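Engineer: Structure supplied as start_8.cif; contents: mmCIF, C-alpha atoms.
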data_run
#
loop_
_atom_site.label_atom_id
_atom_site.label_comp_id
_atom_site.auth_asym_id
_atom_site.auth_seq_id
_atom_site.Cartn_x
_atom_site.Cartn_y
_atom_site.Cartn_z
CA MET A 1 0.00 0.00 0.00
CA ALA A 2 2.77 2.41 0.95
CA SER A 3 4.66 1.70 -2.29
CA ALA A 4 1.50 2.37 -4.30
CA VAL A 5 0.99 5.71 -2.56
CA ILE A 6 4.63 6.67 -3.12
CA GLY A 7 4.34 5.69 -6.80
CA PHE A 8 1.16 7.74 -7.22
CA VAL A 9 2.72 10.79 -5.58
CA GLY A 10 5.87 10.39 -7.67
CA ASN A 11 3.90 10.18 -10.91
CA SER A 12 1.92 13.26 -9.93
CA VAL A 13 4.90 15.36 -8.86
CA ARG A 14 7.39 14.33 -11.57
CA PRO A 15 5.74 16.28 -14.45
CA ARG A 16 5.79 19.45 -12.31
CA LEU A 17 9.47 19.05 -11.52
CA GLU A 18 10.43 18.44 -15.16
CA ILE A 19 9.86 22.13 -15.94
CA LEU A 20 13.01 22.97 -13.97
CA SER A 21 16.16 23.20 -16.06
CA SER A 22 19.60 22.62 -14.56
CA GLY A 23 19.78 26.38 -13.95
CA GLY A 24 16.37 26.24 -12.29
CA TRP A 25 17.50 23.48 -9.92
CA ILE A 26 20.56 25.55 -9.00
CA ALA A 27 18.39 28.62 -8.32
CA LEU A 28 15.96 26.53 -6.24
CA ALA A 29 18.83 25.06 -4.21
CA LEU A 30 20.29 28.54 -3.71
CA ALA A 31 16.95 29.88 -2.50
CA ALA A 32 16.52 26.98 -0.07
CA ALA A 33 20.07 27.32 1.28
CA THR A 34 19.95 31.09 1.78
CA LEU A 35 16.48 31.06 3.36
CA THR A 36 17.51 28.27 5.72
CA GLY A 37 20.76 30.04 6.57
CA GLY A 38 18.98 33.37 7.06
CA PHE A 39 16.43 31.90 9.49
CA ILE A 40 19.00 29.89 11.43
CA LEU A 41 21.69 32.56 11.60
CA GLY A 42 19.30 35.48 11.73
CA TRP A 43 20.93 37.19 8.76
CA GLN A 44 18.42 39.37 6.97
CA GLU A 45 20.72 39.65 3.95
CA LEU A 46 20.60 35.90 3.31
CA THR A 47 16.83 35.89 3.78
CA PHE A 48 16.48 38.75 1.30
CA VAL A 49 18.61 36.94 -1.28
CA GLY A 50 16.60 33.72 -0.85
CA LEU A 51 13.25 35.52 -1.19
CA THR A 52 14.48 37.39 -4.27
CA VAL A 53 15.53 34.16 -6.00
CA LEU A 54 12.29 32.42 -5.01
CA VAL A 55 10.15 35.31 -6.29
CA GLY A 56 12.15 35.26 -9.52
CA LEU A 57 11.36 31.56 -9.99
CA VAL A 58 7.67 32.20 -9.36
CA PHE A 59 7.69 35.08 -11.85
CA CYS A 60 9.32 32.83 -14.51
CA THR A 61 6.29 30.52 -14.40
CA VAL A 62 4.31 33.27 -16.18
CA PHE A 63 6.20 32.39 -19.37
CA LEU A 64 4.89 28.82 -19.22
CA ILE A 65 1.22 29.80 -19.17
CA GLY A 66 -0.73 29.24 -22.35
CA ARG A 67 -1.70 26.41 -24.67
CA THR A 68 0.01 25.72 -27.97
CA THR A 69 -2.07 24.32 -30.83
CA TYR A 70 0.50 22.96 -33.25
CA ASN A 71 0.26 20.31 -35.93
CA VAL A 72 3.83 19.18 -36.61
CA ALA A 73 5.16 16.83 -39.32
CA ILE A 74 8.64 15.59 -40.20
CA GLU A 75 9.29 14.81 -43.87
CA LEU A 76 12.43 13.10 -45.17
CA SER A 77 13.29 13.15 -48.85
CA PRO A 78 14.21 10.46 -49.57
CA SER A 79 13.74 8.08 -46.64
CA ARG A 80 16.45 5.73 -47.96
CA VAL A 81 19.84 6.82 -49.24
CA VAL A 82 23.24 5.29 -49.92
CA VAL A 83 26.26 6.32 -47.89
CA GLY A 84 27.43 9.73 -49.11
CA GLU A 85 24.18 10.71 -50.85
CA ARG A 86 22.42 13.90 -49.84
CA ALA A 87 19.42 13.60 -47.52
CA LEU A 88 17.19 16.56 -46.69
CA GLY A 89 14.47 16.89 -44.12
CA ARG A 90 11.59 19.29 -43.67
CA LEU A 91 9.91 20.30 -40.42
CA VAL A 92 6.38 21.60 -41.03
CA VAL A 93 4.62 23.45 -38.19
CA THR A 94 0.98 24.51 -38.57
CA ASN A 95 -1.23 26.42 -36.14
CA SER A 96 -4.23 24.09 -36.00
CA GLY A 97 -6.14 26.21 -33.48
CA THR A 98 -8.57 29.10 -33.87
CA ARG A 99 -6.36 31.66 -32.11
CA PRO A 100 -2.90 33.03 -32.90
CA VAL A 101 0.02 31.44 -31.07
CA LEU A 102 3.13 33.20 -29.82
CA ALA A 103 6.63 32.54 -31.11
CA ALA A 104 8.27 29.39 -29.80
CA ARG A 105 11.38 27.29 -30.12
CA MET A 106 11.32 23.82 -31.67
CA GLU A 107 13.99 21.20 -30.98
CA LEU A 108 14.59 18.25 -33.29
CA PRO A 109 17.08 15.46 -32.50
CA VAL A 110 18.85 14.26 -35.66
CA GLY A 111 20.90 11.17 -34.90
CA ALA A 112 23.40 12.08 -32.20
CA GLY A 113 22.91 15.82 -32.81
CA ARG A 114 20.12 18.27 -32.16
CA ALA A 115 18.72 21.02 -34.38
CA GLU A 116 16.95 24.09 -32.98
CA PHE A 117 14.46 26.21 -34.90
CA SER A 118 12.76 29.49 -34.01
CA ILE A 119 9.09 29.27 -34.87
CA PRO A 120 7.47 32.71 -35.37
CA ALA A 121 4.03 33.70 -34.15
CA LEU A 122 1.44 31.95 -36.31
CA LYS A 123 -2.10 32.91 -37.20
CA PRO A 124 -4.81 30.23 -37.32
CA GLU A 125 -4.08 27.66 -40.09
CA GLN A 126 -0.79 29.41 -40.91
CA GLU A 127 2.11 27.11 -41.81
CA HIS A 128 5.83 27.49 -41.26
CA ASP A 129 8.51 25.10 -42.48
CA GLU A 130 12.21 24.63 -41.82
CA LEU A 131 14.69 22.67 -43.94
CA PHE A 132 17.58 20.68 -42.49
CA ALA A 133 20.27 18.32 -43.79
CA VAL A 134 20.95 14.84 -42.40
CA PRO A 135 24.57 13.61 -42.36
CA THR A 136 24.96 10.36 -44.33
CA ASN A 137 28.69 9.71 -44.16
CA ARG A 138 28.24 6.33 -42.41
CA ARG A 139 25.90 3.36 -42.82
CA ALA A 140 23.26 3.67 -40.11
CA ILE A 141 19.63 4.11 -39.18
CA ILE A 142 19.33 7.77 -38.26
CA ALA A 143 16.38 8.60 -36.02
CA THR A 144 14.98 12.06 -36.71
CA GLY A 145 12.73 13.35 -33.95
CA PRO A 146 10.68 13.49 -31.92
CA ALA A 147 10.00 17.18 -32.54
CA VAL A 148 9.36 19.05 -29.30
CA SER A 149 8.34 22.64 -28.65
CA VAL A 150 10.07 24.48 -25.82
CA ARG A 151 8.61 27.42 -23.93
CA GLY A 152 10.41 29.12 -21.09
CA ASP A 153 11.73 32.30 -19.51
CA GLN A 154 14.59 34.39 -20.85
CA LEU A 155 16.93 33.24 -18.06
CA GLY A 156 16.48 29.58 -18.94
CA LEU A 157 15.40 28.60 -15.42
CA LEU A 158 12.07 27.01 -16.38
CA ARG A 159 11.04 25.29 -19.59
CA ARG A 160 7.97 23.41 -20.71
CA VAL A 161 8.56 20.74 -23.33
CA VAL A 162 5.73 19.32 -25.45
CA ARG A 163 6.30 16.38 -27.77
CA TRP A 164 4.56 16.66 -31.15
CA THR A 165 5.82 13.78 -33.31
CA ASP A 166 7.29 10.30 -33.19
CA PRO A 167 10.79 9.67 -34.52
CA VAL A 168 11.18 9.09 -38.27
CA ASP A 169 13.95 6.76 -39.45
CA LEU A 170 16.33 7.49 -42.29
CA PHE A 171 18.04 4.36 -43.66
CA VAL A 172 21.57 4.96 -44.89
CA HIS A 173 22.30 1.87 -47.00
CA PRO A 174 25.78 0.49 -47.65
CA VAL A 175 27.39 1.09 -51.02
CA THR A 176 26.76 -1.88 -53.33
CA THR A 177 27.91 -2.86 -56.80
CA PRO A 178 25.92 -4.69 -59.50
CA LEU A 179 26.89 -8.26 -60.38
CA ALA A 180 26.15 -10.53 -63.32
CA PRO A 181 22.72 -12.26 -63.32
CA SER A 182 22.19 -15.53 -61.44
CA ALA A 183 25.00 -14.65 -59.04
CA ALA A 184 27.40 -14.72 -61.95
CA GLY A 185 26.55 -18.35 -62.74
CA LEU A 186 27.10 -19.71 -59.24
CA VAL A 187 23.51 -20.92 -59.05
CA ARG A 188 22.79 -22.28 -62.51
CA ASP A 189 19.92 -24.71 -61.89
CA LEU A 190 17.02 -22.66 -60.59
CA GLU A 191 14.57 -25.53 -61.07
CA GLY A 192 16.35 -27.81 -58.61
CA GLN A 193 19.31 -30.10 -58.15
CA VAL A 194 19.01 -33.88 -58.19
CA THR A 195 20.30 -35.59 -55.05
CA LYS A 196 20.98 -39.27 -54.30
CA LYS A 197 18.16 -39.51 -51.79
CA ILE A 198 15.29 -41.76 -52.90
CA THR A 199 11.73 -40.57 -52.35
CA ASN A 200 8.21 -41.63 -53.31
CA SER A 201 7.17 -38.29 -54.76
CA ASP A 202 9.30 -35.96 -56.91
CA LEU A 203 10.21 -35.16 -60.53
CA SER A 204 13.32 -37.20 -61.36
CA PHE A 205 12.38 -40.86 -62.06
CA HIS A 206 14.72 -43.47 -60.55
CA ALA A 207 13.24 -47.01 -60.66
CA LEU A 208 10.18 -49.24 -60.06
CA ARG A 209 9.42 -51.22 -56.92
CA GLY A 210 6.60 -53.34 -55.58
CA TYR A 211 3.47 -51.72 -54.23
CA GLU A 212 3.22 -51.35 -50.44
CA PRO A 213 0.12 -50.43 -48.40
CA GLY A 214 -0.15 -46.66 -48.14
CA ASP A 215 1.56 -45.87 -51.46
CA ASP A 216 -0.07 -43.15 -53.54
CA ARG A 217 -1.93 -44.75 -56.46
CA ARG A 218 -1.01 -41.80 -58.68
CA TYR A 219 2.50 -43.27 -58.92
CA VAL A 220 1.42 -46.81 -59.94
CA HIS A 221 3.03 -47.76 -63.25
CA TRP A 222 -0.06 -49.31 -64.80
CA ARG A 223 1.53 -50.76 -67.96
CA THR A 224 4.15 -52.76 -66.03
CA SER A 225 1.56 -53.71 -63.39
CA ALA A 226 -0.84 -55.02 -66.03
CA ARG A 227 1.88 -57.22 -67.54
CA LEU A 228 2.79 -58.67 -64.12
CA ILE A 229 -0.86 -59.32 -63.25
CA GLN A 230 -1.30 -61.15 -66.58
CA GLN A 231 1.79 -63.27 -65.85
CA THR A 232 1.08 -64.05 -62.20
CA GLY A 233 -2.70 -63.80 -61.97
CA ASP A 234 -2.35 -61.75 -58.78
CA PRO A 235 -4.44 -58.55 -59.03
CA MET A 236 -2.40 -56.93 -56.24
CA ASN A 237 0.92 -57.35 -58.02
CA LEU A 238 1.39 -53.63 -58.69
CA MET A 239 4.52 -51.63 -59.39
CA VAL A 240 5.04 -48.01 -58.29
CA ARG A 241 7.59 -45.41 -59.34
CA GLN A 242 10.51 -44.26 -57.19
CA PHE A 243 12.17 -40.88 -57.62
CA GLU A 244 15.45 -39.19 -56.85
CA GLU A 245 14.80 -36.23 -54.59
CA THR A 246 15.40 -32.81 -56.12
CA ARG A 247 16.36 -29.78 -54.07
CA ARG A 248 15.74 -26.19 -55.08
CA SER A 249 18.81 -23.99 -55.18
CA GLN A 250 19.30 -22.41 -51.77
CA LEU A 251 21.95 -19.78 -51.19
CA THR A 252 23.19 -18.58 -47.80
CA VAL A 253 25.30 -15.48 -47.18
CA LEU A 254 27.08 -15.68 -43.83
CA GLN A 255 28.82 -12.53 -42.62
CA SER A 256 30.64 -12.24 -39.32
CA GLU A 257 30.10 -9.22 -37.05
CA SER A 258 32.87 -10.21 -34.64
CA SER A 259 35.68 -7.69 -34.33
CA ALA A 260 38.06 -10.65 -33.93
CA PHE A 261 37.98 -11.15 -37.71
CA TYR A 262 38.45 -7.53 -38.85
CA ASP A 263 41.41 -5.20 -38.83
CA SER A 264 39.33 -1.99 -38.70
CA GLU A 265 35.82 -0.56 -38.94
CA ASP A 266 36.44 0.42 -42.56
CA GLU A 267 37.24 -3.21 -43.35
CA PHE A 268 33.97 -4.24 -41.73
CA GLU A 269 32.05 -1.66 -43.79
CA LEU A 270 33.60 -3.06 -46.98
CA ALA A 271 32.54 -6.56 -45.88
CA VAL A 272 28.95 -5.34 -45.41
CA SER A 273 29.06 -3.87 -48.94
CA VAL A 274 30.35 -7.17 -50.33
CA ALA A 275 27.68 -9.25 -48.55
CA THR A 276 24.81 -6.96 -49.51
CA SER A 277 25.98 -6.73 -53.14
CA LEU A 278 25.90 -10.53 -53.38
CA ALA A 279 22.54 -10.78 -51.62
CA ALA A 280 20.89 -8.03 -53.65
CA GLN A 281 21.80 -9.73 -56.93
CA VAL A 282 20.54 -13.13 -55.75
CA ILE A 283 17.24 -11.57 -54.59
CA ARG A 284 16.80 -9.92 -58.00
CA ASP A 285 17.42 -13.31 -59.63
CA GLY A 286 14.63 -14.87 -57.57
CA THR A 287 16.77 -17.55 -55.89
CA ALA A 288 15.95 -18.65 -52.34
CA LEU A 289 18.31 -16.80 -50.01
CA ASN A 290 19.23 -16.40 -46.36
CA VAL A 291 21.53 -13.65 -45.07
CA VAL A 292 22.72 -14.20 -41.51
CA SER A 293 25.33 -13.09 -38.99
CA GLU A 294 26.05 -14.03 -35.39
CA SER A 295 23.38 -11.65 -34.07
CA ARG A 296 20.67 -11.43 -36.72
CA ARG A 297 18.92 -12.85 -39.77
CA LEU A 298 18.13 -10.26 -42.42
CA HIS A 299 14.78 -10.07 -44.21
CA THR A 300 15.21 -11.13 -47.84
CA TYR A 301 11.73 -10.76 -49.35
CA SER A 302 13.07 -7.73 -51.25
CA ALA A 303 16.42 -6.08 -51.86
CA SER A 304 15.20 -2.92 -50.11
CA ALA A 305 14.19 -4.82 -46.97
CA MET A 306 17.54 -6.63 -46.91
CA LEU A 307 19.43 -3.34 -47.22
CA ASP A 308 17.29 -1.80 -44.47
CA ASP A 309 18.20 -4.63 -42.12
CA SER A 310 21.88 -4.41 -43.07
CA CYS A 311 21.91 -0.90 -41.55
CA ARG A 312 21.53 -2.57 -38.13
CA MET A 313 24.68 -4.70 -38.43
CA GLU A 314 27.42 -3.59 -36.06
CA LEU A 315 30.99 -4.60 -35.37
CA SER A 316 31.06 -6.11 -31.87
CA ILE A 317 33.77 -7.23 -29.48
CA LYS A 318 31.25 -9.30 -27.50
CA LEU A 319 30.84 -12.00 -30.15
CA GLY A 320 32.89 -15.16 -30.02
CA LYS A 321 36.28 -15.78 -31.64
CA ASP A 322 35.51 -19.39 -32.67
CA ALA A 323 34.46 -19.01 -36.31
CA ARG A 324 32.97 -22.51 -36.60
CA GLU A 325 30.82 -22.17 -33.48
CA CYS A 326 29.61 -18.70 -34.52
CA ALA A 327 28.65 -20.08 -37.95
CA ARG A 328 26.92 -23.10 -36.41
CA VAL A 329 24.74 -20.93 -34.16
CA ALA A 330 23.92 -18.50 -36.99
CA THR A 331 22.85 -21.22 -39.46
CA LYS A 332 21.42 -23.99 -37.27
CA ARG A 333 17.79 -23.13 -38.14
CA LEU A 334 18.42 -22.70 -41.87
CA PRO A 335 17.89 -25.31 -44.61
CA PRO A 336 21.10 -26.81 -46.04
CA PRO A 337 22.37 -24.44 -48.76
CA SER A 338 23.51 -25.47 -52.21
CA VAL A 339 25.87 -22.47 -52.23
CA LEU A 340 27.41 -20.81 -49.16
CA PHE A 341 29.09 -17.41 -49.23
CA ILE A 342 31.28 -16.61 -46.20
CA VAL A 343 32.18 -12.93 -45.84
CA ALA A 344 34.71 -11.84 -43.23
CA GLY A 345 37.77 -9.66 -42.69
CA SER A 346 41.48 -10.20 -43.08
CA LYS A 347 41.83 -11.83 -39.64
CA MET A 348 39.74 -14.89 -40.52
CA THR A 349 42.10 -17.68 -41.54
CA ALA A 350 41.90 -20.40 -44.18
CA SER A 351 41.51 -22.90 -41.34
CA ASP A 352 38.43 -20.99 -40.16
CA TYR A 353 36.88 -21.24 -43.63
CA ARG A 354 37.54 -24.98 -43.75
CA GLN A 355 36.02 -25.50 -40.31
CA ILE A 356 32.88 -23.59 -41.30
CA GLY A 357 32.60 -25.66 -44.49
CA THR A 358 32.47 -28.90 -42.46
CA LEU A 359 29.12 -27.81 -41.00
CA PHE A 360 27.37 -28.27 -44.35
CA PRO A 361 26.71 -31.21 -46.72
CA ALA A 362 29.52 -32.36 -48.98
CA ASP A 363 27.67 -31.17 -52.10
CA THR A 364 27.49 -27.57 -50.81
CA THR A 365 29.64 -25.16 -52.80
CA VAL A 366 31.55 -22.98 -50.32
CA ILE A 367 33.04 -19.67 -51.44
CA ALA A 368 34.78 -17.39 -48.95
CA PHE A 369 35.25 -13.66 -49.50
CA ARG A 370 38.23 -12.41 -47.51
CA VAL A 371 37.99 -8.62 -47.24
CA GLU A 372 41.31 -6.82 -46.89
CA LEU A 373 41.52 -3.10 -47.65
CA GLY A 374 43.89 -2.32 -50.51
CA ALA A 375 44.76 -5.97 -51.22
CA GLU A 376 45.05 -7.28 -54.77
CA ALA A 377 42.00 -9.19 -55.96
CA THR A 378 42.84 -12.91 -56.12
CA LEU A 379 41.08 -16.29 -56.11
CA ARG A 380 42.59 -19.54 -54.83
CA GLN A 381 41.45 -22.99 -53.79
CA VAL A 382 42.09 -24.01 -50.17
CA ALA A 383 41.04 -27.55 -49.18
CA GLY A 384 37.90 -27.52 -51.29
CA VAL A 385 36.98 -23.93 -50.45
CA LYS A 386 37.35 -21.12 -52.96
CA VAL A 387 38.83 -18.09 -51.18
CA ALA A 388 38.40 -14.75 -52.99
CA VAL A 389 40.36 -11.76 -51.70
CA VAL A 390 38.55 -8.41 -52.14
CA GLY A 391 40.55 -5.23 -51.55
CA ALA A 392 37.96 -2.78 -52.92
CA LEU A 393 34.29 -3.04 -53.83
CA ARG A 394 35.06 -2.49 -57.52
CA ASP A 395 36.98 -5.81 -57.47
CA LEU A 396 33.91 -7.84 -56.48
CA PRO A 397 32.35 -8.39 -59.96
CA LYS A 398 35.70 -9.61 -61.25
CA VAL A 399 36.36 -12.13 -58.45
CA VAL A 400 32.76 -13.40 -58.56
CA ALA A 401 33.05 -13.97 -62.31
CA ARG A 402 36.28 -15.91 -61.75
CA ALA A 403 34.73 -17.94 -58.94
CA ALA A 404 31.87 -18.92 -61.27
CA GLY A 405 34.23 -20.05 -64.00
#
Can you present the structure in this file as structure tokens?

Structural biologist:
Amino acid sequence: MASAVIGFVGNSVRPRLEILSSGGWIALALAAATLTGGFILGWQELTFVGLTVLVGLVFCTVFLIGRTTYNVAIELSPSRVVVGERALGRLVVTNSGTRPVLAARMELPVGAGRAEFSIPALKPEQEHDELFAVPTNRRAIIATGPAVSVRGDQLGLLRRVVRWTDPVDLFVHPVTTPLAPSAAGLVRDLEGQVTKKITNSDLSFHALRGYEPGDDRRYVHWRTSARLIQQTGDPMNLMVRQFEETRRSQLTVLQSESSAFYDSEDEFELAVSVATSLAAQVIRDGTALNVVSESRRLHTYSASAMLDDSCRMELSIKLGKDARECARVATKRLPPPSVLFIVAGSKMTASDYRQIGTLFPADTTVIAFRVELGAEATLRQVAGVKVAVVGALRDLPKVVARAAG
């Protein structure tokens, strides 16, 4: 009961105390200290100073009186950009009331920064807009907003903040490069690949066998069955078809976010560009795709959704240093891929690539992209794994074409 009462009182008092700025808290503490000292010590000077500061705080509350009738909107054009492209925003403030409103100040957080705008006095239905630029020098999701209006006294002791909008996200996508169709020939059979597994229902015919209870009659080979029935006289002597199981092409892009495998943040950013360039081309080709890292699985229903999710990838020192275990955890809920792309930095070794490859079936094609800033583009075979070295994003189409050869 006591905790409920304390919580109710706290919730009631907290909004009133939020109007005090840091300067207001200092003035309030000064007033309390001087008044207390004046009464205890009997110094009229301290009492006078305390009363003066207290009256000043009460007078400042006059500037908080009044209701603001704003309709505020944040517009970003465009809402998705590539690193380095220009992104502009527009803050639109409209007086939606029936009376004029006084001038005010509007604050707008933009990423880690904060923009401040002076809004003039507005007549009913009058609109005022402010333009601002959003920095896009790094891949990120930049939250713009919420827009808040600030009213207060000229000394900055009291301020009343009213929130008018929710944050609006700007997606700064990584730089990507176009590749040849069908992942440059790496996934050639889009209709499916024949495996050695025998099944009762598929497309690739394998052999005939005797009928067993529960078999689907659609797969009875009636011509052979009729001949056997004529020879044996047994009407149940039926033959059914067996098939070799086919598997649709499935491609997985596995990128590490562990700082243990990268020499720098710039190397990690290049790795993100490599992974998203590969994934974007495969999505456009219509091949089944999964893009995963140690901490997340990206949406792949469209290239735009995949690029949006890639903005959330971050280099982390908290992830493990065991490449095989990280890959196992990231891919354990995924179907076995026919092609696996491993994307990591210069600190991932050939042994790491081999260990990751052992997690997948023997018929899986494993191609590793080793990102190393400024390195010469090369392709070599290491224990059944093709390792492509990418030193710059412009090298990617060339090494992919060689890997497909």

Engineer: Give me, please, the distance in Å between CA of Ile356 in chain A and CA of Ala403 in chain A, quoted to one decimal.

Structural biologist: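 Atom-to-atom, CA of Ile356 in chain A and CA of Ala403 in chain A are spaced 18.6 Å apart.
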
Engineer: Where does the PyMOL selection byres ((chain A and resi 100) around 7) land in this file, that is, which residues does it pick, as a PyMOL selection string?

Structural biologist: chain A and resi 98-99+101-102+122-124

Engineer: Give me, as a list in words, all polymer residues having an atom no more than 8 Å from Leu157 in chain A, counting only C-alpha atoms and skipping those fewer than 3 positions away in the same chain.

Structural biologist: Leu20, Ser21, Ser22, Gly23, Gly24, Trp25, Ala27, Leu57, Cys60, Gly152, Asp153 and Gln154 of chain A

Engineer: If we count only C-alpha atoms, what is near Thr68 in chain A at a cut-off of 12 Å, once residues fewer than 3 positions away on the same chain are taken out, given as a ChimeraX atom specification?

Structural biologist: /A:64-65,71-72,93-105,119,121-124,148-151,160-164

Engineer: With 9 Å as the threshold, what does the neighbourhood of (12.7, 9.2, -40.9) contain in terms of residues, counting all atoms listed in the file? Coordinates are those of the file; answer as a PyMOL selection string.

Structural biologist: chain A and resi 74-80+89+141-145+167-171

Engineer: To test your reading of the syntax: which residues would the PyMOL selection byres ((chain A and resi 367-373) around 7) return for the file shown? Reply as a PyMOL selection string.

Structural biologist: chain A and resi 267+271+340-346+353+365-366+374-375+385-392

Engineer: Between A:Gln126, A:Ser258, A:Thr34, A:Thr165, single out the one closest to Ala73 in chain A, counting all atoms listed in the file.

Structural biologist: A:Thr165

Engineer: Please determine, counting all atoms listed in the file, which residue among A:Tyr211, A:Arg139, A:Asp166, A:Ile40 has the shortest atom-to-atom distance to Met236 in chain A.

Structural biologist: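 Comparing A:Tyr211, A:Arg139, A:Asp166, A:Ile40 against Met236 in chain A, the winner is A:Tyr211.
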
Engineer: Once the PyMOL selection byres ((chain A and resi 316) around 6) is applied to the coordinates I shared, what remains selected? I want it as a short mmCIF file (atom, residue, chain, number, x, y, z; two decimals) with C-alpha atoms, in the frame of the given file.

Structural biologist:
data_model
loop_
_atom_site.label_atom_id
_atom_site.label_comp_id
_atom_site.auth_asym_id
_atom_site.auth_seq_id
_atom_site.Cartn_x
_atom_site.Cartn_y
_atom_site.Cartn_z
CA SER A 258 32.87 -10.21 -34.64
CA SER A 259 35.68 -7.69 -34.33
CA LEU A 315 30.99 -4.60 -35.37
CA ILE A 317 33.77 -7.23 -29.48
CA LYS A 318 31.25 -9.30 -27.50
#

Engineer: Go through range 210-257 of chain A and flag each residue having an atom no more than 12 Å from range 292-307 of chain A; for those, report the closest pair of atoms plus their distance in Å to one decimal, using only C-alpha atoms, ordered by chain and rising number, as a tab-separated table.

Structural biologist:
residue	atom	partner	partner_atom	distance
A:Leu251	CA	A:Val292	CA	11.2
A:Thr252	CA	A:Val292	CA	7.7
A:Val253	CA	A:Val292	CA	6.4
A:Leu254	CA	A:Val292	CA	5.2
A:Gln255	CA	A:Ser293	CA	5.1
A:Ser256	CA	A:Ser293	CA	5.4
A:Glu257	CA	A:Ser293	CA	6.4

Engineer: Would you work out the distance separating CA of Asn237 in chain A from CA of Asp215 in chain A, expressed in Å to one decimal?

Structural biologist: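 Atom-to-atom, CA of Asn237 in chain A to CA of Asp215 in chain A, that is 13.2 Å.
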
Engineer: Have a look at CA of Val399 in chain A and CA of Val82 in chain A and let me know their distance in Å, one decimal.

Structural biologist: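 Separating CA of Val399 in chain A from CA of Val82 in chain A is a distance of 23.4 Å.
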
Engineer: For each of A:Val220, A:Leu319, A:Ala327, A:Leu278, take the minimum atom-to-atom distance to Ala180 in chain A, counting all atoms listed in the file, then give the residue where this is smallest.

Structural biologist: A:Leu278

Engineer: Near Phe48 in chain A, within 10 Å and counting all atoms listed in the file, which residues show up once chain neighbours fewer than 3 positions away are dropped, as a PyMOL selection string?

Structural biologist: chain A and resi 31+34-35+38+43-45+51-54

Engineer: Of the residues A:Leu155, A:Leu88, A:Leu334, A:Met106, which is the one nearest to Ala133 in chain A, using all atoms listed in the file?

Structural biologist: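 Selected residue with least distance to Ala133 in chain A: A:Leu88.
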
Engineer: Which residue is closest to Thr287 in chain A? Choose from A:Val339, A:Val382, A:Val110, A:Val134 and count only C-alpha atoms.

Structural biologist: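 Counting only C-alpha atoms, the residue closest to Thr287 in chain A is A:Val339.
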
Engineer: Out of A:Pro109, A:Leu158, A:Pro361, A:Gly42, which residue has the shortest atom-to-atom distance to Val62 in chain A when counting only C-alpha atoms?

Structural biologist: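 Ranked by minimum distance to Val62 in chain A, first place goes to A:Leu158.
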
Engineer: For a quick check of your reading of the model, name the residues lying within 8 Å of the coordinate (13.1, 21.1, -37.1), counting all atoms listed in the file, and write them as an NGL selection string.

Structural biologist: :A and (74 or 90-92 or 106-108 or 115-117 or 130-132 or 147)

Engineer: Could range 392-402 of chain A be completed with N, CA and C atoms and returned as a PDB file, in the frame of the given file?

Structural biologist:
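That gives us out09.pdb:
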ATOM      1  N   ALA A 392      38.822  -3.931 -52.678  1.00  0.00           N
ATOM      2  CA  ALA A 392      37.960  -2.780 -52.920  1.00  0.00           C
ATOM      3  C   ALA A 392      36.668  -3.295 -53.543  1.00  0.00           C
ATOM      4  N   LEU A 393      35.585  -2.568 -53.355  1.00  0.00           N
ATOM      5  CA  LEU A 393      34.290  -3.040 -53.830  1.00  0.00           C
ATOM      6  C   LEU A 393      34.281  -3.195 -55.351  1.00  0.00           C
ATOM      7  N   ARG A 394      35.027  -2.377 -56.061  1.00  0.00           N
ATOM      8  CA  ARG A 394      35.060  -2.490 -57.520  1.00  0.00           C
ATOM      9  C   ARG A 394      35.653  -3.815 -57.991  1.00  0.00           C
ATOM     10  N   ASP A 395      36.387  -4.514 -57.098  1.00  0.00           N
ATOM     11  CA  ASP A 395      36.980  -5.810 -57.470  1.00  0.00           C
ATOM     12  C   ASP A 395      35.965  -6.942 -57.409  1.00  0.00           C
ATOM     13  N   LEU A 396      34.838  -6.739 -56.725  1.00  0.00           N
ATOM     14  CA  LEU A 396      33.910  -7.840 -56.480  1.00  0.00           C
ATOM     15  C   LEU A 396      33.369  -8.476 -57.754  1.00  0.00           C
ATOM     16  N   PRO A 397      32.855  -7.725 -58.752  1.00  0.00           N
ATOM     17  CA  PRO A 397      32.350  -8.390 -59.960  1.00  0.00           C
ATOM     18  C   PRO A 397      33.400  -9.269 -60.624  1.00  0.00           C
ATOM     19  N   LYS A 398      34.640  -8.843 -60.590  1.00  0.00           N
ATOM     20  CA  LYS A 398      35.700  -9.610 -61.250  1.00  0.00           C
ATOM     21  C   LYS A 398      35.956 -10.924 -60.520  1.00  0.00           C
ATOM     22  N   VAL A 399      36.062 -10.893 -59.173  1.00  0.00           N
ATOM     23  CA  VAL A 399      36.360 -12.130 -58.450  1.00  0.00           C
ATOM     24  C   VAL A 399      35.161 -13.068 -58.466  1.00  0.00           C
ATOM     25  N   VAL A 400      33.941 -12.542 -58.486  1.00  0.00           N
ATOM     26  CA  VAL A 400      32.760 -13.400 -58.560  1.00  0.00           C
ATOM     27  C   VAL A 400      32.706 -14.100 -59.909  1.00  0.00           C
ATOM     28  N   ALA A 401      33.041 -13.371 -60.993  1.00  0.00           N
ATOM     29  CA  ALA A 401      33.050 -13.970 -62.310  1.00  0.00           C
ATOM     30  C   ALA A 401      34.100 -15.085 -62.387  1.00  0.00           C
ATOM     31  N   ARG A 402      35.244 -14.876 -61.759  1.00  0.00           N
ATOM     32  CA  ARG A 402      36.280 -15.910 -61.750  1.00  0.00           C
ATOM     33  C   ARG A 402      35.862 -17.111 -60.909  1.00  0.00           C
TER      34      ARG A 402
END
